[in-house]
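**Q** Let me begin by handing over the structure; questions about it come next.
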Amino acid sequence: MKIRPKPDAESCDFCKVVLPETHQHVINIATRTVECVCDPCAVLFPSERSAKYKRIPRIIRALPEFRMTDEQWERLVIPIGIVFLYHSSRQSRLVGLYPSPAGAVESELDLSVWDEIEKENPCLGSLETDVEGVLIDRTRNPHEYFRVPIDECFRLVGMVRIEWRGFTGGPGVRNQISQFVDSLKQRSR
């Protein structure tokens with residue numbers, strides 16, 4: 001007897017099995033598309049640099065010792081107070097994305113500034129290319145920094161896109177960002 005999935009239940013994008021609420025993800029490197037996968041399918045996707053898909057890690061780490069000066073932040077020229085940065089194998093460089101009502105917007109980065117920041121923060125040297133990044137939240141004090149799986153970053157982008165109202169986003173989007181960052185803190189190691 002086949003059990004039909006609930007209409008709102010997610011299924012594995014590869015084998016179509018119904019997924020639990022908490023499940024794994026892989027990313028298509030070429031399109032930056034996050035795919036939902038079951039545990040057996042997730043095992044099939046390596047973290048190799050040449051792979052079309054890479055499995056996204058699940059670990060979130062708060063970075064309370066992270067160091068970045070206001071001057072370094074200004075030199076990165078990111079127009080809003082929250083951004084995620086990751087190393088892209090496809091683009092062979094660091095990519096900075098921030099959420100907007102139109103989706104993820106790429107910011108042109110001054111990589112010399114990032115080199116300074118990496119030297120001051122050795123934890124950044126071991127980020128997994130394409131699947132792990134640094135989320136920087138400077139929307140409130142104290143500023144907060146996290147090492148996060150890339151799917152969490154795209155989840156933030158989706159929330160901002162859905163909640164955005166008017167020219168500045170409105171109180172709903174600020175509340176969503178705050179709740180998202182609080183959730184990262186609660187789930188971090």
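The way I read the labels, and the way they are meant: chains A, B, ... in the order of the structure tokens, residue 1 as the first residue of every chain, and ligand 1 as the first ligand shown, with later ones counted on from there.
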Which residues come within 6 Å of Val131 (chain A), counting only C-alpha atoms, excluding same-chain residues fewer than 2 positions away, as a list in words?
**A**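 Using only C-alpha atoms, the neighbours found are Ile56, Glu128, Thr129, Pro149 and Ile150 of chain A.
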**Q** Name all residues at most 8 Å from Ala62 (chain A) (count only C-alpha atoms; drop same-chain ones fewer than 3 positions away) and give them as a list in words.
**A**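 Contacts, with the query itself left out: Glu144, Tyr145, Phe146, Arg147, Leu184, Lys185, Ser188 and Arg189 of chain A.
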**Q** Considering only C-alpha atoms, return as a list in words whatever protein or nucleic-acid residues lie within 12 Å of Asp39 (chain A), sequence-local ones (same chain, fewer than 2 positions apart) excluded.
**A**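 Result of the neighbour search: Ser11, Cys12, Asp13, Phe14, Cys15, Val17, Val18, Leu19, Pro20, Thr22, His23, Gln24, His25, Val26, Cys36, Val37, Cys41, Ala42, Val43, Leu44, Phe45, Arg55 and Ile56 of chain A.
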**Q** Kindly save the residues from that selection, with C-alpha atoms included, as a CSV table (one decimal), in the first residue's frame.
**A**
```csv
chain,number,residue,atom,x,y,z
A,11,SER,CA,9.7,15.4,-1.1
A,12,CYS,CA,13.2,14.6,-2.1
A,13,ASP,CA,14.1,16.4,-5.3
A,14,PHE,CA,15.9,13.3,-6.6
A,15,CYS,CA,14.0,10.1,-5.5
A,17,VAL,CA,10.4,10.1,-1.1
A,18,VAL,CA,8.4,12.2,1.4
A,19,LEU,CA,10.8,14.2,3.7
A,20,PRO,CA,10.6,14.9,7.4
A,22,THR,CA,14.1,18.7,9.1
A,23,HIS,CA,16.1,17.2,6.2
A,24,GLN,CA,19.3,17.7,4.2
A,25,HIS,CA,20.0,19.9,1.3
A,26,VAL,CA,22.4,20.0,-1.7
A,36,CYS,CA,15.9,19.1,-0.7
A,37,VAL,CA,17.2,15.6,-0.3
A,41,CYS,CA,20.4,10.6,-1.5
A,42,ALA,CA,22.5,13.1,0.5
A,43,VAL,CA,25.2,10.5,0.9
A,44,LEU,CA,25.6,10.4,-2.9
A,45,PHE,CA,26.7,14.0,-3.1
A,55,ARG,CA,25.9,18.4,0.1
A,56,ILE,CA,25.3,21.4,2.5
```
**Q** Please list as a PyMOL selection string every residue within 10 Å of Ala30 (chain A), counting only C-alpha atoms and excluding residues in the same chain fewer than 3 positions away.
**A** chain A and resi 27+33+52-53+88-91
**Q** List the spatial neighbours of region 164-168 of chain A as a PyMOL selection string - criterion: any atom at most 12 Å away, only C-alpha atoms, same-chain residues fewer than 2 positions off excluded.
**A** chain A and resi 80+99-103+156-162+170-177
**Q** So which bits of chain A end up helix (DSSP H, G or I) when you DSSP the backbone, as a ChimeraX atom specification?
**A** /A:39-42,70-76,111-120,122-126,150-163,170-187
**Q** Compare A:Glu10, A:Asp70, A:Glu106, A:Glu65 by their minimum atom-to-atom distance to Asn121 (chain A), counting only C-alpha atoms, and give me the closest one.
**A**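 Among A:Glu10, A:Asp70, A:Glu106, A:Glu65, it is A:Glu65 that comes nearest to Asn121 (chain A).
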**Q** Give me the residues within 10 Å of Glu132 (chain A) as number ranges by chain, counting only C-alpha atoms and dropping any in the same chain fewer than 2 places off.
**A** A: 56-60, 84-88, 126-130, 134-135, 147-153
**Q** Taking the DSSP assignment computed from this structure's backbone, write out as an MDAnalysis selection string all residues of region 18-63 of chain A that belong to strand (DSSP E or B).
**A** chainID A and resid 18 24:28 33:37 53:55 61:62
**Q** For the residues selected in the previous step, produce a file with C-alpha atoms as a PDB file, in the first residue's frame.
**A**
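Below is the file again.pdb, written as the result:
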```
ATOM      1  CA  VAL A  18       8.420  12.246   1.448  1.00  0.00           C
ATOM      2  CA  GLN A  24      19.260  17.703   4.249  1.00  0.00           C
ATOM      3  CA  HIS A  25      20.005  19.918   1.260  1.00  0.00           C
ATOM      4  CA  VAL A  26      22.409  19.979  -1.665  1.00  0.00           C
ATOM      5  CA  ILE A  27      23.285  22.932  -3.861  1.00  0.00           C
ATOM      6  CA  ASN A  28      23.578  22.981  -7.624  1.00  0.00           C
ATOM      7  CA  THR A  33      19.738  26.286  -6.495  1.00  0.00           C
ATOM      8  CA  VAL A  34      19.169  24.515  -3.188  1.00  0.00           C
ATOM      9  CA  GLU A  35      17.564  21.068  -3.520  1.00  0.00           C
ATOM     10  CA  CYS A  36      15.855  19.102  -0.736  1.00  0.00           C
ATOM     11  CA  VAL A  37      17.179  15.551  -0.300  1.00  0.00           C
ATOM     12  CA  TYR A  53      25.958  19.179  -6.620  1.00  0.00           C
ATOM     13  CA  LYS A  54      27.445  19.490  -3.160  1.00  0.00           C
ATOM     14  CA  ARG A  55      25.918  18.425   0.117  1.00  0.00           C
ATOM     15  CA  ARG A  61      28.521  28.161  14.722  1.00  0.00           C
ATOM     16  CA  ALA A  62      28.313  31.494  16.480  1.00  0.00           C
TER      17      ALA A  62
END
```
**Q** To one decimal in Å, tell me the separation between CA of Ser183 (chain A) and CA of Gly169 (chain A).
**A** 20.5 Å
**Q** In Å to one decimal, how far is CA of Gln186 (chain A) from CA of Pro40 (chain A)?
**A**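 Computed distance, CA of Pro40 (chain A) to CA of Gln186 (chain A), equals 27.7 Å.
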